[in-house]
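Chemist: The structure that follows is given in the form of structure tokens.
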Amino acid sequence: MDHATELDHAEGVRFFETKVRPVLAQHCYECHAADEQESELRVDTLEGLLRGGHAGPSLVPGKPAGSLLVTAIGYRDNDLKMPPEQKLSDTEIADITRWVEIGAPHPDSDSVQPVQRGSEIDLQAGRQHWAFQRPQKSEPPTLDAGMVDPIDAFVLARLQDAGLQRVPPADKATLLRRATFDLTGLPPTPAEIDAFLADDSEDAFAKVVDRLLSSPHYGERWGRHWLDIARYADSNGLDENVVHAHAWRYRDYVVQSLNDDKPYSDFIVEQLAGDLLDSGDDINLRNERLIATGFLVLGPKVLAEKDEAKMEMDIIDEQLDTLGRSIMGLTLGCARCHTHKFDPISHRDYYALAGIFKSTRTMDSYKTVAQWHENLVETPQQTAAFEQHQQRVADKQKQIDQTVAAATAALETNDEKWKPAEREKHFPADTQATLKTLREELKKLQDAAPERPMAMGVVEGEVADTAVHLRGSHLTLGDIVPRRFPEVLTPEPLPPLPDDRSGRLEFARWLTDGKHPLTARVMVNRIWRGHFGKGLVGTVDNFGLQGDPPTHPELLDWLAVRFVEQGWSIKAMHRMIMLSETYQTSSRYDADNAALDPDNQLYWRYDLRRLEAEAIRDGLLAISGNLDPTLGGSLLQLKSREYVFNHTSQDRSTYGIHRRSIYVPVIRNHLYDMFKLFDYTDASVLTGDRNTSTLAPQALFMMNSQWIDEITTAMAERLLTHDDAVEARVQRLYRQAYGRRPTTDEVSTATQFLEHFQTVLEQQADADGADDPQQMAWQALCQAVISSSEFVYLR
């Protein structure tokens with residue numbers, strides 16, 4: 001150190017001792033010194049400041065903007081204001097800021113070692129977690145029974161080890177209802193029931209599964225599962241609940257992709273980076289992929305946030321949280337403010353990923369009210385039609401302009417001068433009439449402009465790496481982190497992401513290269529959960545250290561590897577699971593098994609499962625004959641970005657429709673009442689594992705609501721038009737509602753009920769002219785049947 005530097009340092013230390021230490025001693029030492037360290041922070045030593053507390057390092061010499069100490073005393077962060085009782089004076093704040101700026105000279109500068117900023121986590125230890133290791137396809141266990149389906153081999157081996165006996169298989173009628181609801185969300189028809197019961201071939205059930213997988217209703221059913229994960233909604237929610245008028249295109253993309261059995265790997269790549277894929281001259285494919293990127297835009301946003309930088313980072317955080325839990329089964333969002341408290345995901349990992357999405361254009365404007373980006377997804381024919389219409393508008397405007405110019409020239413020959421607003425009043429009457437007609441025609445043309453098809457989605461933005469945000473605040477920035485993927489999942493160094501692209505495409509391909517330890521596991525677990533009501537990993541959205549371990553780890557890995565081997569085919573995975581004896585087992589209770597495995601973790605039986613809200617509604621519409629099976633399209637009657645259910649509580653949503661529930665508008669903050677009653681997704685956050693509650697209002701809805709009254713009236717009318725014999729009608733009712741034939745006692749009880757109730761109603765009709773007693777009696781029977789647990793549960 002030369003003499004000049006020594007003087008500079010000495011001067012700096014004097015500045016600290018006279019201007020900074022006294023302020024810290026007076027206002028900070030009481031809570032952050034030797035006697036007490038709230039949040040494990042000391043500010044009475046240089047080492048304490050450099051090391052920091054729970055929130056991270058408090059001091060970054062030379063970088064006031066990256067020092068939490070400066071953020072805290074400046075009251076720049078609403079959640080970090082120090083000292084809390086009263087803000088320091090402007091002079092005191094300026095002095096501390098200046099001290100940090102000149103390098104934070106301190107008497108202990110020579111004796112305190114710099115804080116090492118290497119990895120904040122033990123990567124080697126983190127990689128030992130089962131979910132962060134590549135799946136291994138072990139051979140299915142060999143059992144005494146000989147050749148056994150691989151799924152059954154893994155399950156039966158666990159059952160045998162635990163001393164459990166699998167219960168007998170389900171009867172054919174029960175199995176058909178289970179499978180039909182599982183794959184289509186609808187009940188089997190009487191004709192389908194009769195056909196299956198009459199088919200004694202060995203592959204009878206396999207044919208049923210293939211038929212259901214080929215149904216367009218399959219995509220609607222399993223598309224709804226994915227929309228739960230994609231937090232799909234037709235409005236924004238939060239502060240400005242404005243309409244997502246074009247979100248339906250993403251919904252229809254999901255349905256069609258599943259019906260087409262699009263490889264799951266392609267499905268993911270398109271949603272994360274469809275705009276970056278080369279579609280050649282195929283405009284329809286290009287548009288489809290642009291629509292797919294709506295996945296990144298659908299989340300709720302605080303569109304009136306005044307701090308634009310905060311809004312941008314909040315949106316990126318929501319994207320990272322969603323893609324982390326949906327595709328990777330990781331709670332990445334927990335690392336926004338600090339290194340993940342449980343998983344080996346560092347603070348720097350988070351901002352390395354955040355850089356990818358900060359380099360992506362999600363919003364067109366952050367100014368109140370902010371606007372999300374939408375892509376134009378029209379065909380060449382639609383483009384040509386729009387351009388032709390625009391030309392007609394331009395031609396009409398030109399005709400108006402020429403008429404005004406000619407009339408104006410005629411006025412000027414008279415040496416009269418008028419302002420433009422007054423000029424036309426002096427045109428000849430016939431010219432004014434012509435202009436009036438032309439402008440009316442222009443207005444009609446403008447009003448008749450073809451609506452250009454738009455879709456919520458993203459494109460590339462300004463590519464740049466992102467600084468670590470200390471405590472998650474954009475007001476306190478640390479080191480810039482190059483864009484990359486989480487270190488714990490990249491044991492072998494990957495090439496840096498390109499400087500001219502966000503890295504979304506590389507990220508998507510890394511997730512779906514078949515080697516990623518999480519992507520296939522997470523999806524096959526979701527498919528398993530869809531069929532059994534619970535995953536092999538119970539925490540379907542969290543495969544991290546705080547998640548549940550798999551009940552059958554070898555089976556989970558075998559399925560994950562097989563999923564990739566079969567070209568990421570979701571339909572093939574359905575078929576494999578459903579053709580196993582594990583899936584076809586009955587739900588019969590066994591006391592001995594229950595004593596050993598009360599939660600049925602080892603699958604000795606099939607768990608009873610209540611239908612979701614959509615399946616209940618759609619099933620009722622189907623058996624009443626009121627279901628409209630039309631696929632796709634929008635049912636919203638509102639324009640994009642219109643307010644739908646806002647702070648004024650103005651309700652402009654309607655639900656009086658007979659389409660499948662997947663097409664019912666999802667209005668955040670104002671969900672359809674029936675959906676809320678039966679545990680529908682929140683729609684503002686990812687939900688891969690819906691709750692299932694049993695509440696009195698659910699039973700009351702099935703017994704007393706006006707909608708159920710309308711449904712059961714339609715059911716009664718339908719039954720009365722089909723058969724003349726009472727027994728035949730009861731048979732049809734039970735097959736429609738329960739997927740089975742009624743027992744002799746059930747037919748007898750129903751017949752007695754109808755006779756008695758109809759007699760009572762006929763007596764009332766004689767007295768006060770009531771409605772058709774026969775129809776009313778059948779309506780009451782239908783209501784009793786669909787109000788039972790058997791209708792809303794799968795066995």
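Ordering of the structure tokens sets the chain letters (A, B, ...); residue numbers start at 1 within each chain; ligands are numbered from 1 in the order shown.
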Please provide the set of residues having any atom within 12 Å of Gly52 (chain A), restricted to only C-alpha atoms, with same-chain residues fewer than 6 positions apart removed, written as a list in words.

Modeler: His32, Ala33, Gln37, Glu38, Ser39, Glu40, Leu41, Arg42, Val43, Asp44, Thr45, Leu46, Ser58, Leu59, Val60, Ser67, Leu68, Leu69, Val115, Leu470 and Arg471 of chain A

Chemist: Can you list, as JSON, numbers by chain, every protein, DNA or RNA residue that comes within 6 Å of region 154-169 of chain A when you count only C-alpha atoms, leaving out same-chain residues fewer than 6 positions away?

Modeler: {"A": [140, 555, 584, 585, 586, 593, 604, 605]}

Chemist: Just write the chosen residues, N, CA, C and O atoms, as a short mmCIF file (atom, residue, chain, number, x, y, z; two decimals), in the first residue's frame.

Modeler:
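Final output, saved to out.cif:
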data_model
loop_
_atom_site.label_atom_id
_atom_site.label_comp_id
_atom_site.auth_asym_id
_atom_site.auth_seq_id
_atom_site.Cartn_x
_atom_site.Cartn_y
_atom_site.Cartn_z
N PRO A 140 -38.74 -55.81 -13.24
CA PRO A 140 -39.85 -56.09 -12.33
C PRO A 140 -39.57 -57.35 -11.52
O PRO A 140 -38.91 -58.28 -12.00
N LEU A 555 -41.13 -48.82 -9.14
CA LEU A 555 -42.22 -48.72 -10.10
C LEU A 555 -42.26 -47.33 -10.73
O LEU A 555 -42.42 -47.20 -11.95
N GLN A 584 -57.61 -52.56 -12.01
CA GLN A 584 -58.90 -53.24 -12.14
C GLN A 584 -59.38 -53.89 -10.85
O GLN A 584 -60.43 -54.53 -10.82
N THR A 585 -58.64 -53.69 -9.77
CA THR A 585 -59.04 -54.24 -8.48
C THR A 585 -60.33 -53.58 -7.98
O THR A 585 -60.58 -52.41 -8.25
N SER A 586 -61.11 -54.31 -7.25
CA SER A 586 -62.34 -53.74 -6.68
C SER A 586 -62.01 -52.83 -5.50
O SER A 586 -60.87 -52.79 -5.02
N ASN A 593 -56.43 -56.35 5.93
CA ASN A 593 -55.54 -55.46 5.18
C ASN A 593 -55.53 -54.06 5.78
O ASN A 593 -54.49 -53.41 5.89
N TRP A 604 -53.81 -52.46 -2.08
CA TRP A 604 -54.46 -53.76 -1.98
C TRP A 604 -55.93 -53.70 -2.45
O TRP A 604 -56.55 -54.74 -2.68
N ARG A 605 -56.43 -52.49 -2.61
CA ARG A 605 -57.76 -52.30 -3.20
C ARG A 605 -57.76 -50.99 -3.96
O ARG A 605 -56.81 -50.21 -3.91
#

Chemist: Got a sec: who's within 9 Å of Gly688 (chain A), counting only C-alpha atoms, leaving out chain neighbours fewer than 3 positions off, as a PyMOL selection string?

Modeler: chain A and resi 225-226+228-229+325-326+526+539-541+681

Chemist: Please list as a list in words every residue within 10 Å of region 23-25 of chain A, counting only C-alpha atoms and excluding residues in the same chain fewer than 5 positions away.

Modeler: Phe16, Glu17, Thr18, Glu30, His32, Ala33, Val43, Asp44, Pro83, Leu88, Glu92, Ile93, Asp95 and Ile96 of chain A

Chemist: Grab the residues selected above and save them as a short mmCIF file (atom, residue, chain, number, x, y, z; two decimals), in the first residue's frame with N, CA and C atoms.

Modeler:
data_model
loop_
_atom_site.label_atom_id
_atom_site.label_comp_id
_atom_site.auth_asym_id
_atom_site.auth_seq_id
_atom_site.Cartn_x
_atom_site.Cartn_y
_atom_site.Cartn_z
N PHE A 16 -15.56 6.88 8.89
CA PHE A 16 -16.41 5.86 9.51
C PHE A 16 -16.58 6.13 11.00
N GLU A 17 -15.47 6.45 11.69
CA GLU A 17 -15.54 6.61 13.13
C GLU A 17 -16.34 7.85 13.53
N THR A 18 -16.32 8.88 12.71
CA THR A 18 -17.01 10.13 13.07
C THR A 18 -18.42 10.23 12.52
N GLU A 30 -28.43 -1.84 19.75
CA GLU A 30 -29.33 -2.40 20.77
C GLU A 30 -29.86 -3.77 20.33
N HIS A 32 -28.58 -5.38 17.27
CA HIS A 32 -27.69 -6.09 16.34
C HIS A 32 -26.23 -5.91 16.75
N ALA A 33 -25.90 -6.31 17.99
CA ALA A 33 -24.52 -6.21 18.47
C ALA A 33 -24.20 -7.45 19.30
N VAL A 43 -24.04 -5.64 13.49
CA VAL A 43 -23.54 -4.50 12.73
C VAL A 43 -22.45 -3.76 13.49
N ASP A 44 -22.03 -4.30 14.64
CA ASP A 44 -20.98 -3.65 15.41
C ASP A 44 -19.59 -4.13 15.00
N PRO A 83 -33.77 2.00 11.27
CA PRO A 83 -34.44 1.45 12.45
C PRO A 83 -35.96 1.54 12.31
N LEU A 88 -33.77 7.38 9.77
CA LEU A 88 -32.61 8.24 10.00
C LEU A 88 -32.77 9.55 9.22
N GLU A 92 -27.64 11.50 7.78
CA GLU A 92 -27.13 10.22 8.26
C GLU A 92 -27.18 9.15 7.17
N ILE A 93 -28.28 9.14 6.43
CA ILE A 93 -28.41 8.16 5.33
C ILE A 93 -27.34 8.43 4.26
N ASP A 95 -24.44 9.85 4.66
CA ASP A 95 -23.11 9.51 5.16
C ASP A 95 -22.85 8.00 5.06
N ILE A 96 -23.83 7.18 5.48
CA ILE A 96 -23.64 5.73 5.44
C ILE A 96 -23.54 5.26 3.98
#

Chemist: May I ask which of the residues A:Glu440, A:Glu270, A:Asp149, A:Glu36 is the closest one to Thr512 (chain A), counting only C-alpha atoms?

Modeler: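 Ranking A:Glu440, A:Glu270, A:Asp149, A:Glu36 by distance to Thr512 (chain A), first place goes to A:Glu270.
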
Chemist: Using only C-alpha atoms, determine which residues lie at most 9 Å from region 557-568 of chain A, disregarding the query and same-chain residues fewer than 6 positions distant; provide the list as a list in words.

Modeler: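 So, after excluding close chain neighbours, the residues are Arg134, Pro135, Gln136, Lys137, Ser138, Glu139, Pro140, Pro150, Ile151, Lys262, Pro263, Tyr264, Ser265, Asp266, Gly514, Thr519, Ala520, Arg521, Val522, Met523, Val524 and Asn525 of chain A.
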
Chemist: Go through region 582-698 of chain A residue by residue and, counting only C-alpha atoms, keep those with an atom at most 10 Å from region 174-191 of chain A; for each kept residue give the shortest atom pair and its distance in Å to one decimal, ordered by chain and increasing number, as a tab-separated table.

Modeler:
residue	atom	partner	partner_atom	distance
A:Tyr583	CA	A:Leu175	CA	9.1
A:Gln584	CA	A:Leu175	CA	6.6
A:Thr585	CA	A:Leu175	CA	8.6
A:Ser586	CA	A:Leu175	CA	8.2
A:Ser587	CA	A:Thr174	CA	9.7
A:Arg609	CA	A:Arg178	CA	9.6
A:Leu611	CA	A:Phe181	CA	8.4
A:Glu612	CA	A:Gly185	CA	8.9
A:Glu614	CA	A:Gly185	CA	7.7
A:Ala615	CA	A:Gly185	CA	5.1
A:Ile616	CA	A:Gly185	CA	8.5
A:Arg617	CA	A:Leu186	CA	9.4
A:Asp618	CA	A:Leu186	CA	6.4
A:Gly619	CA	A:Leu186	CA	5.2
A:Leu620	CA	A:Leu186	CA	8.9
A:Leu621	CA	A:Leu186	CA	9.4
A:Ala622	CA	A:Leu186	CA	7.2
A:Ile623	CA	A:Pro187	CA	7.9
A:Arg660	CA	A:Gly185	CA	9.5
A:Ser661	CA	A:Gly185	CA	9.9

Chemist: Select, from A:Ala421, A:Ala170, A:Val664, A:Val148, the residue with the minimum atom-to-atom distance to Trp248 (chain A), counting only C-alpha atoms.

Modeler: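 Under the stated criterion, the closest residue is A:Val664.
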
Chemist: I'd like a table as a tab-separated table: residues in region 418-484 of chain A with an atom no more than 9 Å from region 383-406 of chain A, each row giving the shortest atom pair and its distance in Å to one decimal, only C-alpha atoms counted, sorted by chain and rising residue number.

Modeler:
residue	atom	partner	partner_atom	distance
A:Glu424	CA	A:Val404	CA	7.9
A:Phe427	CA	A:Val404	CA	8.8
A:Thr431	CA	A:Thr403	CA	7.8
A:Thr434	CA	A:Thr403	CA	8.5
A:Leu435	CA	A:Ile400	CA	6.5
A:Leu438	CA	A:Ile400	CA	6.5
A:Arg439	CA	A:Ile400	CA	7.4
A:Glu441	CA	A:Lys396	CA	7.9
A:Leu442	CA	A:Lys396	CA	6.2
A:Leu445	CA	A:Val393	CA	6.4
A:Gln446	CA	A:Val393	CA	6.8
A:Ala448	CA	A:His389	CA	8.8
A:Ala449	CA	A:His389	CA	6.7
A:Pro450	CA	A:Phe386	CA	6.2
A:Glu451	CA	A:Phe386	CA	8.3
A:Arg452	CA	A:Phe386	CA	7.6

Chemist: Take the residues that were just selected and, keeping N, CA and C atoms, output them as a short mmCIF file (atom, residue, chain, number, x, y, z; two decimals), in the first residue's frame.

Modeler:
data_model
loop_
_atom_site.label_atom_id
_atom_site.label_comp_id
_atom_site.auth_asym_id
_atom_site.auth_seq_id
_atom_site.Cartn_x
_atom_site.Cartn_y
_atom_site.Cartn_z
N GLU A 424 -67.49 23.02 -43.41
CA GLU A 424 -68.48 22.16 -44.06
C GLU A 424 -69.90 22.71 -43.95
N PHE A 427 -70.76 24.18 -47.20
CA PHE A 427 -70.83 23.36 -48.42
C PHE A 427 -72.26 23.36 -48.93
N THR A 431 -73.83 18.35 -51.21
CA THR A 431 -72.50 17.88 -50.80
C THR A 431 -72.52 17.42 -49.35
N THR A 434 -74.15 14.10 -49.22
CA THR A 434 -73.24 13.06 -49.72
C THR A 434 -72.21 12.68 -48.67
N LEU A 435 -71.63 13.71 -48.01
CA LEU A 435 -70.65 13.43 -46.96
C LEU A 435 -71.26 12.65 -45.80
N LEU A 438 -71.53 9.06 -46.96
CA LEU A 438 -70.20 8.44 -47.04
C LEU A 438 -69.65 8.12 -45.65
N ARG A 439 -69.86 9.02 -44.71
CA ARG A 439 -69.34 8.78 -43.35
C ARG A 439 -70.12 7.68 -42.64
N GLU A 441 -71.37 5.16 -44.22
CA GLU A 441 -70.84 3.96 -44.84
C GLU A 441 -69.47 3.61 -44.28
N LEU A 442 -68.64 4.64 -44.02
CA LEU A 442 -67.33 4.40 -43.42
C LEU A 442 -67.48 3.79 -42.03
N LEU A 445 -68.39 0.22 -42.29
CA LEU A 445 -67.21 -0.55 -42.68
C LEU A 445 -66.27 -0.79 -41.49
N GLN A 446 -66.02 0.29 -40.75
CA GLN A 446 -65.12 0.17 -39.60
C GLN A 446 -65.68 -0.78 -38.55
N ALA A 448 -67.57 -3.25 -39.10
CA ALA A 448 -67.61 -4.61 -39.65
C ALA A 448 -66.22 -5.19 -39.88
N ALA A 449 -65.22 -4.54 -39.33
CA ALA A 449 -63.85 -5.03 -39.52
C ALA A 449 -63.72 -6.45 -38.98
N PRO A 450 -63.14 -7.36 -39.73
CA PRO A 450 -62.95 -8.73 -39.23
C PRO A 450 -62.05 -8.73 -38.01
N GLU A 451 -62.45 -9.48 -36.99
CA GLU A 451 -61.64 -9.53 -35.77
C GLU A 451 -60.41 -10.39 -36.04
N ARG A 452 -59.26 -9.83 -35.81
CA ARG A 452 -58.03 -10.56 -36.05
C ARG A 452 -57.79 -11.55 -34.90
#

Chemist: Taking only C-alpha atoms into account, which of A:Lys306, A:Arg98, A:Lys676, A:Ile657 comes nearest Thr630 (chain A)?

Modeler: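 The closest residue to Thr630 (chain A) is A:Ile657.
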
Chemist: What's around Thr743 (chain A) at 10 Å? Count only C-alpha atoms, leave out sequence neighbours fewer than 4 positions away in its own chain, and write the answer as a ChimeraX atom specification.

Modeler: /A:731,734,747-749

Chemist: Please compute the CA of Thr712 (chain A)-CA of Ser634 (chain A) distance, one decimal, in Å.

Modeler: 27.6 Å

Chemist: I'd like the contact shell of Ala683 (chain A) - 8 Å cut-off, only C-alpha atoms, skipping same-chain residues fewer than 3 positions apart - returned as a ChimeraX atom specification.

Modeler: /A:228,231-233,666,668,686-687

Chemist: Print the selection's residues with N, CA, C and O atoms to a file, as a PDB file, in the first residue's frame.

Modeler:
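Resulting contents of result-v8.pdb:
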ATOM      1  N   ASP A 228     -55.577 -27.313 -14.707  1.00  0.00           N
ATOM      2  CA  ASP A 228     -55.361 -27.088 -13.276  1.00  0.00           C
ATOM      3  C   ASP A 228     -53.898 -26.738 -13.024  1.00  0.00           C
ATOM      4  O   ASP A 228     -53.578 -25.849 -12.221  1.00  0.00           O
ATOM      5  N   ARG A 231     -52.840 -23.229 -14.304  1.00  0.00           N
ATOM      6  CA  ARG A 231     -53.629 -22.174 -13.636  1.00  0.00           C
ATOM      7  C   ARG A 231     -54.447 -21.370 -14.652  1.00  0.00           C
ATOM      8  O   ARG A 231     -54.475 -20.160 -14.672  1.00  0.00           O
ATOM      9  N   TYR A 232     -55.165 -22.142 -15.489  1.00  0.00           N
ATOM     10  CA  TYR A 232     -55.958 -21.538 -16.570  1.00  0.00           C
ATOM     11  C   TYR A 232     -57.114 -20.720 -16.007  1.00  0.00           C
ATOM     12  O   TYR A 232     -57.796 -21.123 -15.072  1.00  0.00           O
ATOM     13  N   ALA A 233     -57.366 -19.562 -16.622  1.00  0.00           N
ATOM     14  CA  ALA A 233     -58.532 -18.747 -16.281  1.00  0.00           C
ATOM     15  C   ALA A 233     -58.854 -17.832 -17.451  1.00  0.00           C
ATOM     16  O   ALA A 233     -57.994 -17.499 -18.260  1.00  0.00           O
ATOM     17  N   VAL A 666     -63.899 -19.418 -16.694  1.00  0.00           N
ATOM     18  CA  VAL A 666     -63.268 -19.430 -15.369  1.00  0.00           C
ATOM     19  C   VAL A 666     -62.942 -17.987 -15.012  1.00  0.00           C
ATOM     20  O   VAL A 666     -61.955 -17.421 -15.491  1.00  0.00           O
ATOM     21  N   ARG A 668     -61.721 -15.514 -12.377  1.00  0.00           N
ATOM     22  CA  ARG A 668     -61.031 -15.437 -11.092  1.00  0.00           C
ATOM     23  C   ARG A 668     -61.758 -14.454 -10.179  1.00  0.00           C
ATOM     24  O   ARG A 668     -62.260 -13.430 -10.622  1.00  0.00           O
ATOM     25  N   LEU A 686     -51.229 -22.901  -9.329  1.00  0.00           N
ATOM     26  CA  LEU A 686     -51.149 -24.273  -9.820  1.00  0.00           C
ATOM     27  C   LEU A 686     -51.755 -25.233  -8.804  1.00  0.00           C
ATOM     28  O   LEU A 686     -51.482 -25.140  -7.615  1.00  0.00           O
ATOM     29  N   THR A 687     -52.572 -26.166  -9.283  1.00  0.00           N
ATOM     30  CA  THR A 687     -53.190 -27.152  -8.404  1.00  0.00           C
ATOM     31  C   THR A 687     -53.133 -28.515  -9.079  1.00  0.00           C
ATOM     32  O   THR A 687     -53.924 -28.808  -9.971  1.00  0.00           O
TER      33      THR A 687
END

Chemist: Counting only C-alpha atoms, which residues of region 529-557 of chain A fall within 6 Å of region 329-337 of chain A, and what is the closest atom pair for each with its distance in Å at one decimal, ordered by chain and rising number, as JSON lines?

Modeler:
{"residue": "A:Asp541", "atom": "CA", "partner": "A:Gly329", "partner_atom": "CA", "distance": 4.7}
{"residue": "A:Asn542", "atom": "CA", "partner": "A:Gly329", "partner_atom": "CA", "distance": 4.5}
{"residue": "A:Phe543", "atom": "CA", "partner": "A:Gly329", "partner_atom": "CA", "distance": 5.0}
{"residue": "A:Gly544", "atom": "CA", "partner": "A:Leu330", "partner_atom": "CA", "distance": 5.9}

Chemist: Would you mind exporting C-alpha atoms of the selected residues as a compact mmCIF listing (two decimals), in the first residue's frame?

Modeler:
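What landed in selection01.txt:
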# COMPACT_ATOMS: atom_id res chain seq x y z
CA ASP A 541 -46.28 -30.83 -7.16
CA ASN A 542 -43.25 -31.23 -4.89
CA PHE A 543 -40.53 -33.84 -5.40
CA GLY A 544 -38.10 -31.89 -3.22

Chemist: I'd like the interatomic distance between CA of Pro482 (chain A) and CA of Ser359 (chain A), to a tenth of an Å.

Modeler: 11.9 Å

Chemist: Rank A:Asp252, A:Tyr351, A:Gly461, A:Ser214 by their smallest atom-to-atom distance to Ser473 (chain A), using only C-alpha atoms, and report the top residue only.

Modeler: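 Of A:Asp252, A:Tyr351, A:Gly461, A:Ser214, the one nearest Ser473 (chain A), counting only C-alpha atoms, is A:Tyr351.
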